[in-house]
>>> print(open('work-v2.txt').read())   # compact mmCIF, C-alpha atoms
# COMPACT_ATOMS: atom_id res chain seq x y z
CA MET A 8 128.62 86.43 125.17
CA LYS A 9 129.48 90.14 125.19
CA GLU A 10 132.53 89.38 123.05
CA LEU A 11 130.41 87.32 120.64
CA ALA A 12 128.01 90.26 120.34
CA ALA A 13 130.91 92.63 119.63
CA VAL A 14 132.51 90.36 117.02
CA SER A 15 129.24 89.51 115.24
CA GLY A 16 127.74 93.00 115.51
CA LEU A 17 124.48 91.49 116.83
CA PRO A 18 122.72 92.50 120.08
CA VAL A 19 123.04 90.05 123.03
CA ALA A 20 119.23 89.63 123.06
CA THR A 21 119.31 88.46 119.42
CA ILE A 22 122.08 85.94 120.12
CA LYS A 23 120.13 84.59 123.13
CA TYR A 24 117.08 84.22 120.88
CA TYR A 25 119.09 82.19 118.35
CA LEU A 26 120.42 80.00 121.19
CA ARG A 27 116.87 79.35 122.44
CA GLU A 28 115.66 78.53 118.93
CA GLY A 29 118.53 76.09 118.43
CA LEU A 30 119.94 78.06 115.48
CA LEU A 31 123.18 78.57 117.40
CA PRO A 32 124.75 75.67 119.35
CA ALA A 33 125.33 76.32 123.07
CA GLY A 34 128.79 77.45 124.17
CA ARG A 35 131.08 75.41 126.45
CA PRO A 36 130.06 76.41 130.02
CA THR A 37 132.96 77.85 132.06
CA SER A 38 130.89 78.88 135.11
CA ALA A 39 127.24 79.06 136.16
CA THR A 40 126.72 82.27 134.16
CA GLN A 41 129.53 82.16 131.59
CA ALA A 42 130.23 80.11 128.49
CA GLU A 43 132.97 80.00 125.92
CA TYR A 44 132.24 80.51 122.23
CA ASP A 45 134.59 79.84 119.35
CA ASP A 46 134.98 80.58 115.65
CA THR A 47 132.21 78.14 114.70
CA HIS A 48 129.76 80.32 116.66
CA VAL A 49 130.98 83.48 114.97
CA GLU A 50 130.71 81.81 111.57
CA ARG A 51 127.20 80.54 112.32
CA LEU A 52 126.07 84.02 113.38
CA ARG A 53 127.48 85.47 110.16
CA LEU A 54 125.49 82.91 108.17
CA ILE A 55 122.24 83.65 110.04
CA ARG A 56 122.81 87.36 109.63
CA THR A 57 123.33 87.04 105.88
CA LEU A 58 120.22 84.89 105.48
CA ARG A 59 118.18 87.38 107.54
CA GLU A 60 119.50 90.72 106.43
CA VAL A 61 120.55 90.07 102.86
CA GLY A 62 118.22 87.19 101.94
CA GLU A 63 115.34 88.41 104.15
CA LEU A 64 114.59 84.72 104.82
CA PRO A 65 111.95 83.98 107.46
CA ILE A 66 113.21 82.22 110.61
CA ALA A 67 111.53 78.93 109.56
CA ARG A 68 113.58 78.92 106.34
CA ILE A 69 116.78 79.76 108.18
CA GLU A 70 116.07 76.83 110.51
CA ALA A 71 115.70 74.54 107.50
CA VAL A 72 119.08 75.64 106.11
CA ILE A 73 120.77 75.21 109.51
CA ARG A 74 119.19 71.76 110.01
CA THR A 75 120.51 70.73 106.61
CA LEU A 76 123.97 72.07 107.47
CA ASP A 77 124.03 70.30 110.84
CA GLY A 78 122.53 67.06 109.51
CA PRO A 79 124.26 64.16 107.79
CA ALA A 80 126.69 65.16 105.05
CA MET A 81 124.80 65.97 101.85
CA PRO A 82 125.67 67.22 98.38
CA LEU A 83 126.53 70.92 98.39
CA ALA A 84 124.14 71.52 95.49
CA ASP A 85 121.21 70.35 97.66
CA LEU A 86 122.25 72.62 100.52
CA LEU A 87 122.53 75.57 98.14
CA GLY A 88 119.16 74.63 96.64
CA GLU A 89 117.56 74.72 100.09
CA ALA A 90 118.98 78.19 100.80
CA HIS A 91 118.23 79.45 97.28
CA HIS A 92 114.61 78.28 97.29
CA GLY A 93 114.22 79.92 100.69
CA LEU A 94 114.55 83.28 98.95
CA GLY A 95 110.99 82.71 97.78
CA PRO A 96 108.58 84.11 96.97
CA GLU A 97 105.93 81.63 98.07
CA PRO A 98 103.84 80.82 94.99
CA GLY A 99 100.41 82.47 94.83
CA PRO A 100 97.20 80.49 94.36
CA ALA A 101 97.25 78.32 91.22
CA THR A 102 94.83 79.08 88.39
CA PRO A 103 94.38 77.19 85.10
CA ALA A 104 95.89 80.16 83.22
CA LEU A 105 98.94 80.27 85.51
CA ASP A 106 99.34 76.49 85.24
CA ASP A 107 99.39 76.82 81.50
CA ALA A 108 102.10 79.51 81.69
CA ARG A 109 104.03 77.28 84.10
CA ARG A 110 103.98 74.38 81.63
CA SER A 111 105.36 76.65 78.92
CA VAL A 112 108.13 77.79 81.29
CA LEU A 113 109.09 74.23 82.24
CA ALA A 114 109.19 73.16 78.57
CA PHE A 115 111.37 76.17 77.76
CA VAL A 116 113.77 75.47 80.64
CA ALA A 117 114.01 71.78 79.66
CA ALA A 118 114.69 72.71 76.03
CA ARG A 119 117.64 74.84 77.17
CA GLY A 120 119.02 71.81 79.05
CA TRP A 121 118.78 73.55 82.41
CA ARG A 122 118.68 71.23 85.41
CA VAL A 123 116.28 72.92 87.82
CA ASP A 124 113.79 71.74 90.41
CA PRO A 125 110.29 72.15 88.86
CA ASP A 126 109.17 73.46 92.28
CA ALA A 127 111.78 76.24 92.36
CA PRO A 128 110.10 79.56 93.24
CA ALA A 129 111.78 81.14 90.20
CA VAL A 130 109.69 78.86 87.94
CA ASP A 131 106.56 80.46 89.41
CA LEU A 132 108.06 83.94 89.09
CA LEU A 133 108.75 83.38 85.42
CA ALA A 134 105.29 81.86 84.87
CA GLU A 135 103.74 84.97 86.44
CA SER A 136 105.74 87.21 84.10
CA LEU A 137 104.61 85.19 81.09
CA HIS A 138 101.02 85.27 82.34
CA ALA A 139 101.20 89.07 82.77
CA LEU A 140 102.52 89.52 79.22
CA ARG A 141 99.85 87.24 77.79
CA GLY A 142 97.17 89.34 79.47
CA HIS A 143 98.78 92.62 78.61
CA TRP A 144 99.33 91.89 74.93
CA ASP A 145 96.19 89.77 74.72
CA VAL A 146 98.08 86.78 73.25
CA ALA A 147 96.85 83.74 75.17
CA ASP A 148 99.32 81.25 73.69
CA LEU A 149 102.45 83.39 73.98
CA GLY A 150 105.27 80.91 74.73
CA ALA A 151 108.20 81.21 77.13
CA GLU A 152 110.55 81.15 74.09
CA MET A 153 110.01 84.91 74.04
CA PHE A 154 112.43 85.04 76.97
CA THR A 155 115.26 83.51 74.91
CA ASP A 156 117.45 86.63 74.79
CA TYR A 157 117.05 87.12 78.52
CA ALA A 158 117.79 83.46 79.20
CA ARG A 159 120.99 83.74 77.23
CA ALA A 160 122.08 86.81 79.22
CA ALA A 161 121.12 85.04 82.48
CA GLU A 162 123.17 82.00 81.46
CA GLU A 163 126.26 84.06 80.81
CA ILE A 164 125.95 85.87 84.11
CA ALA A 165 125.21 82.75 86.18
CA ALA A 166 127.98 80.66 84.59
CA HIS A 167 130.46 83.37 85.46
CA GLU A 168 129.07 83.70 89.00
CA LEU A 169 129.13 80.00 89.80
CA ALA A 170 132.70 79.80 88.52
CA THR A 171 133.73 82.23 91.28
CA VAL A 172 132.14 80.17 94.10
CA ASP A 173 134.90 78.64 96.21
CA PRO A 174 133.61 75.49 97.99
CA SER A 175 136.95 74.98 99.78
CA ARG A 176 135.83 77.57 102.32
CA GLY A 177 133.28 75.11 103.72
CA PRO A 178 129.51 74.71 103.21
CA SER A 179 128.47 77.50 105.60
CA ASP A 180 130.64 80.06 103.84
CA THR A 181 129.60 78.80 100.42
CA VAL A 182 125.92 79.23 101.30
CA ARG A 183 126.65 82.79 102.43
CA GLN A 184 128.53 83.52 99.24
CA VAL A 185 125.70 82.22 97.06
CA ILE A 186 122.96 84.07 98.97
CA VAL A 187 124.86 87.36 98.92
CA GLY A 188 125.65 86.84 95.25
CA THR A 189 122.05 86.06 94.36
CA VAL A 190 120.37 88.84 96.30
CA VAL A 191 122.78 91.77 96.13
CA PHE A 192 123.81 91.31 92.51
CA GLU A 193 120.17 90.77 91.57
CA ARG A 194 119.40 94.27 92.85
CA ALA A 195 122.50 95.62 91.14
CA LEU A 196 121.52 94.01 87.83
CA VAL A 197 117.99 95.44 88.04
CA ALA A 198 119.41 98.91 88.78
CA LEU A 199 121.97 98.69 85.97
CA ARG A 200 119.36 97.59 83.44
CA ARG A 201 117.18 100.57 84.37
CA LEU A 202 120.11 102.96 84.05
CA ALA A 203 121.09 101.42 80.72
CA GLN A 204 117.47 101.76 79.55
CA GLU A 205 117.51 105.43 80.48
CA HIS A 206 120.78 105.88 78.61
CA PHE A 207 119.55 104.16 75.43
CA CYS A 208 116.29 106.07 75.73
CA HIS A 209 118.33 109.29 75.44
CA VAL A 210 120.45 107.82 72.65
CA ARG A 211 117.40 106.61 70.74
CA PHE A 212 115.33 109.77 71.08
CA ASP A 213 118.35 112.07 70.85
CA VAL A 214 117.70 114.49 73.68
CA PRO A 215 120.42 115.84 75.96
CA PRO A 216 120.22 114.64 79.59
CA PRO A 217 118.46 116.85 82.17
CA GLY A 218 120.56 119.76 83.39
CA ASP A 219 123.19 119.19 80.73
CA GLY A 220 123.46 121.02 77.44
CA THR A 221 126.01 118.69 75.86
CA THR A 222 125.46 115.33 74.25
CA GLY A 223 127.12 112.46 76.07
CA GLY A 224 128.97 109.28 75.02
CA MET B 26 80.12 104.42 81.09
CA LYS B 27 79.05 100.78 81.31
CA GLU B 28 80.56 100.16 77.90
CA LEU B 29 83.78 101.88 78.93
CA ALA B 30 83.93 99.61 81.99
CA ALA B 31 83.40 96.52 79.82
CA VAL B 32 86.05 97.50 77.25
CA SER B 33 88.65 98.54 79.82
CA GLY B 34 87.95 95.72 82.27
CA LEU B 35 87.77 98.27 85.11
CA PRO B 36 84.84 98.68 87.57
CA VAL B 37 82.57 101.72 87.04
CA ALA B 38 83.51 103.00 90.53
CA THR B 39 87.20 103.03 89.57
CA ILE B 40 86.50 104.92 86.34
CA LYS B 41 84.41 107.48 88.27
CA TYR B 42 87.30 107.91 90.69
CA TYR B 43 89.72 108.60 87.83
CA LEU B 44 87.24 111.15 86.40
CA ARG B 45 87.00 112.93 89.79
CA GLU B 46 90.80 112.95 90.14
CA GLY B 47 91.19 114.42 86.66
CA LEU B 48 93.20 111.43 85.41
CA LEU B 49 90.53 110.75 82.79
CA PRO B 50 89.02 113.63 80.78
CA ALA B 51 85.21 113.98 80.99
CA GLY B 52 83.11 112.45 78.19
CA ARG B 53 80.90 114.46 75.82
CA PRO B 54 77.54 114.80 77.61
CA THR B 55 74.63 113.36 75.59
CA SER B 56 71.97 113.78 78.31
CA ALA B 57 71.73 114.75 81.99
CA THR B 58 73.00 111.33 83.07
CA GLN B 59 74.83 110.04 80.00
CA ALA B 60 78.10 110.87 78.29
CA GLU B 61 79.94 109.61 75.25
CA TYR B 62 83.46 108.25 75.53
CA ASP B 63 85.82 107.49 72.67
CA ASP B 64 89.06 105.65 71.93
CA THR B 65 91.15 108.29 73.71
CA HIS B 66 89.33 107.40 76.94
CA VAL B 67 89.93 103.69 76.43
CA GLU B 68 93.60 104.35 75.69
CA ARG B 69 93.96 106.56 78.77
CA LEU B 70 92.43 103.88 80.99
CA ARG B 71 94.82 101.28 79.57
CA LEU B 72 97.75 103.56 80.41
CA ILE B 73 96.53 104.16 83.99
CA ARG B 74 95.92 100.46 84.44
CA THR B 75 99.44 99.54 83.28
CA LEU B 76 101.03 102.17 85.54
CA ARG B 77 98.96 100.93 88.50
CA GLU B 78 98.94 97.18 88.03
CA VAL B 79 102.23 96.52 86.30
CA GLY B 80 104.31 99.46 87.55
CA GLU B 81 102.58 99.65 90.94
CA LEU B 82 102.97 103.43 90.71
CA PRO B 83 101.24 105.47 93.42
CA ILE B 84 98.39 107.72 92.22
CA ALA B 85 100.53 110.86 92.72
CA ARG B 86 103.11 109.50 90.27
CA ILE B 87 100.44 108.50 87.78
CA GLU B 88 99.07 112.05 87.98
CA ALA B 89 102.54 113.40 87.21
CA VAL B 90 102.84 111.20 84.11
CA ILE B 91 99.35 112.19 82.92
CA ARG B 92 100.03 115.90 83.52
CA THR B 93 103.21 115.57 81.45
CA LEU B 94 101.28 113.78 78.69
CA ASP B 95 98.50 116.38 78.65
CA GLY B 96 100.87 119.35 78.96
CA PRO B 97 102.77 121.16 76.21
CA ALA B 98 104.60 118.86 73.78
CA MET B 99 107.87 117.66 75.30
CA PRO B 100 110.65 115.30 74.29
CA LEU B 101 109.58 111.66 74.52
CA ALA B 102 112.74 110.84 76.50
CA ASP B 103 111.61 113.22 79.28
CA LEU B 104 108.15 111.68 79.39
CA LEU B 105 109.64 108.20 79.59
CA GLY B 106 112.05 109.41 82.28
CA GLU B 107 109.12 110.70 84.36
CA ALA B 108 107.32 107.34 84.12
CA HIS B 109 110.52 105.34 84.61
CA HIS B 110 111.60 107.28 87.69
CA GLY B 111 108.10 106.82 89.08
CA LEU B 112 108.88 103.12 89.47
CA GLY B 113 110.95 104.15 92.46
CA PRO B 114 111.92 103.17 95.02
CA GLU B 115 112.05 106.40 97.00
CA PRO B 116 115.63 106.76 98.27
CA GLY B 117 116.17 105.97 101.94
CA PRO B 118 117.79 108.45 104.36
CA ALA B 119 121.27 109.55 103.21
CA THR B 120 124.32 108.60 105.27
CA PRO B 121 127.98 109.52 104.63
CA ALA B 122 128.73 105.87 103.75
CA LEU B 123 125.84 105.72 101.26
CA ASP B 124 126.88 109.07 99.78
CA ASP B 125 130.33 107.67 99.23
CA ALA B 126 128.92 104.60 97.46
CA ARG B 127 126.72 106.92 95.39
CA ARG B 128 129.75 108.92 94.22
CA SER B 129 131.46 105.72 93.13
CA VAL B 130 128.33 104.68 91.20
CA LEU B 131 128.05 108.06 89.45
CA ALA B 132 131.75 107.95 88.47
CA PHE B 133 131.30 104.41 87.13
CA VAL B 134 128.21 105.34 85.11
CA ALA B 135 129.95 108.43 83.70
CA ALA B 136 133.01 106.36 82.75
CA ARG B 137 130.76 104.03 80.73
CA GLY B 138 129.39 107.04 78.89
CA TRP B 139 125.85 106.46 80.12
CA ARG B 140 123.56 109.49 80.02
CA VAL B 141 121.44 109.17 83.14
CA ASP B 142 119.83 111.59 85.58
CA PRO B 143 121.99 111.57 88.75
CA ASP B 144 118.71 111.60 90.71
CA ALA B 145 117.39 108.43 89.05
CA PRO B 146 116.15 105.98 91.72
CA ALA B 147 118.29 103.26 90.10
CA VAL B 148 121.43 105.22 91.07
CA ASP B 149 120.38 104.89 94.72
CA LEU B 150 119.52 101.20 94.25
CA LEU B 151 122.97 100.52 92.85
CA ALA B 152 124.64 102.57 95.60
CA GLU B 153 122.77 100.50 98.19
CA SER B 154 124.02 97.27 96.58
CA LEU B 155 127.59 98.56 96.60
CA HIS B 156 127.21 99.68 100.21
CA ALA B 157 125.87 96.23 101.19
CA LEU B 158 128.83 94.47 99.51
CA ARG B 159 131.33 96.82 101.16
CA GLY B 160 129.86 95.98 104.55
CA HIS B 161 129.53 92.29 103.84
CA TRP B 162 133.06 91.80 102.55
CA ASP B 163 134.46 94.45 104.87
CA VAL B 164 136.11 96.35 102.00
CA ALA B 165 135.29 100.02 102.61
CA ASP B 166 136.69 101.34 99.32
CA LEU B 167 135.22 98.71 97.02
CA GLY B 168 134.46 100.57 93.76
CA ALA B 169 131.45 100.30 91.46
CA GLU B 170 133.81 98.94 88.75
CA MET B 171 133.11 95.56 90.32
CA PHE B 172 129.75 95.71 88.51
CA THR B 173 131.42 95.88 85.09
CA ASP B 174 130.31 92.43 83.89
CA TYR B 175 126.75 93.13 84.98
CA ALA B 176 126.80 96.57 83.35
CA ARG B 177 127.88 94.98 80.08
CA ALA B 178 125.03 92.46 80.27
CA ALA B 179 122.57 95.26 81.17
CA GLU B 180 123.79 97.32 78.22
CA GLU B 181 123.22 94.49 75.76
CA ILE B 182 119.74 93.83 77.10
CA ALA B 183 118.68 97.50 77.23
CA ALA B 184 120.05 98.34 73.77
CA HIS B 185 118.03 95.47 72.34
CA GLU B 186 114.92 96.51 74.30
CA LEU B 187 115.02 100.16 73.30
CA ALA B 188 115.47 99.15 69.67
CA THR B 189 112.05 97.45 69.81
CA VAL B 190 110.24 100.53 71.18
CA ASP B 191 107.97 101.91 68.46
CA PRO B 192 107.31 105.63 69.06
CA SER B 193 104.99 105.84 66.05
CA ARG B 194 102.23 104.43 68.24
CA GLY B 195 102.05 107.72 70.16
CA PRO B 196 103.45 108.83 73.52
CA SER B 197 100.78 107.17 75.67
CA ASP B 198 101.36 103.77 74.09
CA THR B 199 105.14 104.20 74.17
CA VAL B 200 105.02 104.93 77.90
CA ARG B 201 102.95 101.77 78.41
CA GLN B 202 105.39 99.74 76.33
CA VAL B 203 108.40 100.97 78.31
CA ILE B 204 106.78 100.44 81.73
CA VAL B 205 105.63 96.92 80.85
CA GLY B 206 109.04 96.15 79.40
CA THR B 207 110.87 97.48 82.42
CA VAL B 208 108.76 95.84 85.11
CA VAL B 209 107.71 92.50 83.63
CA PHE B 210 111.01 91.67 81.96
CA GLU B 211 112.85 92.74 85.10
CA ARG B 212 111.01 90.04 87.04
CA ALA B 213 111.61 87.57 84.23
CA LEU B 214 115.33 88.36 84.16
CA VAL B 215 115.60 87.90 87.93
CA ALA B 216 113.78 84.55 87.71
CA LEU B 217 115.91 83.37 84.78
CA ARG B 218 119.15 84.27 86.54
CA ARG B 219 118.08 82.28 89.59
CA LEU B 220 117.16 79.27 87.46
CA ALA B 221 120.45 79.53 85.57
CA GLN B 222 122.29 79.72 88.90
CA GLU B 223 120.55 76.56 90.06
CA HIS B 224 121.48 74.84 86.82
CA PHE B 225 125.15 75.83 86.99
CA CYS B 226 125.19 74.90 90.66
CA HIS B 227 124.26 71.35 89.61
CA VAL B 228 126.76 71.42 86.75
CA ARG B 229 129.54 72.73 88.97
CA PHE B 230 128.93 70.38 91.87
CA ASP B 231 127.95 67.48 89.63
CA VAL B 232 124.85 66.21 91.38
CA PRO B 233 121.76 64.92 89.54
CA PRO B 234 118.65 67.12 89.93
CA PRO B 235 116.07 66.16 92.61
CA GLY B 236 113.82 63.27 91.61
CA ASP B 237 115.96 62.42 88.59
CA GLY B 238 118.58 59.67 88.48
CA THR B 239 120.16 60.77 85.21
CA THR B 240 122.57 63.61 84.53
CA GLY B 241 121.08 66.39 82.45
CA GLY B 242 122.26 68.83 79.77
>>> encode(input="work-v2.txt", output="structure tokens")
Amino acid sequence: MKELAAVSGLPVATIKYYLREGLLPAGRPTSATQAEYDDTHVERLRLIRTLREVGELPIARIEAVIRTLDGPAMPLADLLGEAHHGLGPEPGPATPALDDARRSVLAFVAARGWRVDPDAPAVDLLAESLHALRGHWDVADLGAEMFTDYARAAEEIAAHELATVDPSRGPSDTVRQVIVGTVVFERALVALRRLAQEHFCHVRFDVPPPGDGTTGG
Amino acid sequence: MKELAAVSGLPVATIKYYLREGLLPAGRPTSATQAEYDDTHVERLRLIRTLREVGELPIARIEAVIRTLDGPAMPLADLLGEAHHGLGPEPGPATPALDDARRSVLAFVAARGWRVDPDAPAVDLLAESLHALRGHWDVADLGAEMFTDYARAAEEIAAHELATVDPSRGPSDTVRQVIVGTVVFERALVALRRLAQEHFCHVRFDVPPPGDGTTGG
């Protein structure tokens, strides 16, 4: 157990909690107070850690992913879907205006030929963005087609990302890879877009950057 | 005042609070208990509302933007920078490992020729992503060049976005336009990337979508 804690970088108390919750299978007992753990335990702890720390998934969602992993063999896409949807957010209360935005989003996604679960949290996220823009610009029938340029950029990025997923490393590792990819690169993309906006803001309005008298690239 | 509340969609109490805080200039008094407000008041309330509701900026940051707007004429890029940086997040405590990631990010940004403030919150966001990937993959000297594909996508998106900003509508409106664009389209982009990932996950692992027996797009 001490060794498992050292290898996984998790406190013993946390590992015991995962054992109690059934997230981690019990070790092979070697005495009344000792048990042997192997690579499958280390791998499982790495998966839980990624889902918790990187994906910030609640324990209930992590349990669902683990149950799916430990259950009868199922398509990898479904397992990834379970983990991916776990990233949330939980949809807010439905309103007629949000429902209308949602319908526009689903029609847009279908028109692009995307195969997505209509209950994916990202559908709600996109509907909320559309709803916010409709309110902000006071255009009630603004359609999701306005996201076309962004959808094209998202397609390019995602196609490239999924091409790098290596399923030969096993379902547990593949889930980790997809969650890390989704969450960490999402933050990176958001940061890069803001930096690029700042750059083009300077380019467009032709002002040298703060603390620098020269004009850059 | 009642009219101002109706036009802006804000409660009278909120408007009074903004008046007390100096975010909204006083109206022209017409009697002991009445004052006249004009379009500049309506416009100012719209700006505050966007910064609060869309940008989720704290009042202190909103005050900074307003002070900049009401102060001596300054380059639009600086005003936009003030509002943009207000979106945060506040950087977490510095550590040597994070500092190292930060240096790699700044070198990467400089190599792309981007003109950005080294203290922009997005620099810290990107450094945190790099730091997370270094830890997760156990590659301590992973460089920010790994974000190149994402930076290229961000560049295309931001160049297009900044080209649509119309500064002839005045600084207050331009700030609103940039904040709405940054925040709402950021959420939309995140949602679209997740949906595109789900789609390519199905394409890659060749499984029909849930509740559908046919193969899509």
>>> atom_distance(input="work-v2.txt", atom1="atom CA of Ala152 of chain B", atom2="atom CA of Ala126 of chain B")
5.1 Å
>>> interface_residues(input="work-v2.txt", of="chain B", to="chain A", cutoff="8 Å", atoms="all atoms listed in the file", output="PyMOL selection string")
chain B and resi 100-102+105-106+137-142+145+147-148+150-151+154+157-158+172+174-176+178-180+182-184+186-188+207+209-227+229-230+232+234-235+241-242
>>> closest_residue(input="work-v2.txt", among="B:Ser33, B:Leu72, B:Met26, B:Glu46", to="Gly195 of chain B", atoms="only C-alpha atoms")
B:Leu72
>>> residues_around(input="work-v2.txt", residues="Asp63 of chain B", least_positions_apart="3", cutoff="10 Å", atoms="all atoms listed in the file", output="PyMOL selection string")
chain B and resi 29+52-53+66-68
>>> residues_near_point(input="work-v2.txt", point="(115.8, 78.1, 104.2)", cutoff="10 Å", atoms="all atoms listed in the file", output="number ranges by chain")
A: 58, 62, 64-75, 86-95
>>> closest_residue(input="work-v2.txt", among="A:Val112, A:Thr181, A:Arg176, A:Asp77", to="Glu152 of chain A", atoms="all atoms listed in the file")
A:Val112
>>> closest_residue(input="work-v2.txt", among="B:Ala51, B:Ala57, B:Leu131, B:Ile73", to="Thr39 of chain B", atoms="only C-alpha atoms")
B:Ile73
>>> atom_distance(input="work-v2.txt", atom1="atom CA of Glu97 of chain A", atom2="atom CA of Arg77 of chain B")
22.6 Å
>>> decode(input="work-v2.txt", residues="segment 61-68 of chain B", atoms="all heavy atoms", output="JSON list (two decimals), in the first residue's frame")
[["chain", "number", "residue", "atom", "x", "y", "z"],
["B", 61, "GLU", "N", -32.77, 63.88, -15.52],
["B", 61, "GLU", "CA", -32.92, 63.48, -16.91],
["B", 61, "GLU", "C", -31.69, 62.67, -17.33],
["B", 61, "GLU", "O", -30.55, 63.06, -17.07],
["B", 61, "GLU", "CB", -33.02, 64.74, -17.79],
["B", 61, "GLU", "CG", -33.83, 64.54, -19.04],
["B", 61, "GLU", "CD", -34.06, 65.89, -19.72],
["B", 61, "GLU", "OE1", -33.11, 66.37, -20.37],
["B", 61, "GLU", "OE2", -35.15, 66.44, -19.58],
["B", 62, "TYR", "N", -31.93, 61.56, -17.97],
["B", 62, "TYR", "CA", -30.84, 60.73, -18.47],
["B", 62, "TYR", "C", -30.93, 60.67, -19.98],
["B", 62, "TYR", "O", -32.01, 60.75, -20.55],
["B", 62, "TYR", "CB", -30.93, 59.33, -17.86],
["B", 62, "TYR", "CG", -30.84, 59.35, -16.35],
["B", 62, "TYR", "CD1", -31.99, 59.40, -15.56],
["B", 62, "TYR", "CD2", -29.60, 59.34, -15.72],
["B", 62, "TYR", "CE1", -31.90, 59.45, -14.17],
["B", 62, "TYR", "CE2", -29.49, 59.39, -14.35],
["B", 62, "TYR", "CZ", -30.65, 59.44, -13.58],
["B", 62, "TYR", "OH", -30.54, 59.49, -12.22],
["B", 63, "ASP", "N", -29.78, 60.51, -20.64],
["B", 63, "ASP", "CA", -29.80, 60.46, -22.10],
["B", 63, "ASP", "C", -29.15, 59.17, -22.63],
["B", 63, "ASP", "O", -28.89, 58.25, -21.87],
["B", 63, "ASP", "CB", -29.13, 61.71, -22.69],
["B", 63, "ASP", "CG", -27.69, 61.85, -22.20],
["B", 63, "ASP", "OD1", -27.08, 60.80, -21.85],
["B", 63, "ASP", "OD2", -27.18, 62.98, -22.16],
["B", 64, "ASP", "N", -28.91, 59.17, -23.93],
["B", 64, "ASP", "CA", -28.37, 57.97, -24.58],
["B", 64, "ASP", "C", -27.02, 57.54, -24.01],
["B", 64, "ASP", "O", -26.69, 56.35, -24.01],
["B", 64, "ASP", "CB", -28.20, 58.21, -26.09],
["B", 64, "ASP", "CG", -29.55, 58.16, -26.80],
["B", 64, "ASP", "OD1", -30.54, 57.81, -26.12],
["B", 64, "ASP", "OD2", -29.61, 58.49, -28.00],
["B", 65, "THR", "N", -26.22, 58.52, -23.55],
["B", 65, "THR", "CA", -24.90, 58.14, -23.01],
["B", 65, "THR", "C", -25.08, 57.29, -21.75],
["B", 65, "THR", "O", -24.28, 56.40, -21.48],
["B", 65, "THR", "CB", -24.04, 59.38, -22.67],
["B", 65, "THR", "OG1", -24.69, 60.09, -21.62],
["B", 65, "THR", "CG2", -23.84, 60.27, -23.88],
["B", 66, "HIS", "N", -26.15, 57.56, -20.98],
["B", 66, "HIS", "CA", -26.41, 56.75, -19.79],
["B", 66, "HIS", "C", -26.83, 55.33, -20.18],
["B", 66, "HIS", "O", -26.40, 54.36, -19.57],
["B", 66, "HIS", "CB", -27.50, 57.41, -18.92],
["B", 66, "HIS", "CG", -27.07, 58.70, -18.31],
["B", 66, "HIS", "ND1", -27.29, 59.90, -18.93],
["B", 66, "HIS", "CD2", -26.40, 58.98, -17.17],
["B", 66, "HIS", "CE1", -26.79, 60.89, -18.18],
["B", 66, "HIS", "NE2", -26.25, 60.34, -17.10],
["B", 67, "VAL", "N", -27.68, 55.25, -21.18],
["B", 67, "VAL", "CA", -28.15, 53.94, -21.66],
["B", 67, "VAL", "C", -26.95, 53.12, -22.16],
["B", 67, "VAL", "O", -26.79, 51.94, -21.83],
["B", 67, "VAL", "CB", -29.21, 54.10, -22.77],
["B", 67, "VAL", "CG1", -29.60, 52.74, -23.33],
["B", 67, "VAL", "CG2", -30.43, 54.84, -22.23],
["B", 68, "GLU", "N", -26.10, 53.79, -22.93],
["B", 68, "GLU", "CA", -24.93, 53.12, -23.50],
["B", 68, "GLU", "C", -24.00, 52.64, -22.40],
["B", 68, "GLU", "O", -23.48, 51.52, -22.43],
["B", 68, "GLU", "CB", -24.21, 54.11, -24.43],
["B", 68, "GLU", "CG", -23.16, 53.46, -25.31],
["B", 68, "GLU", "CD", -22.21, 54.51, -25.88],
["B", 68, "GLU", "OE1", -22.69, 55.56, -26.36],
["B", 68, "GLU", "OE2", -20.99, 54.27, -25.84]]
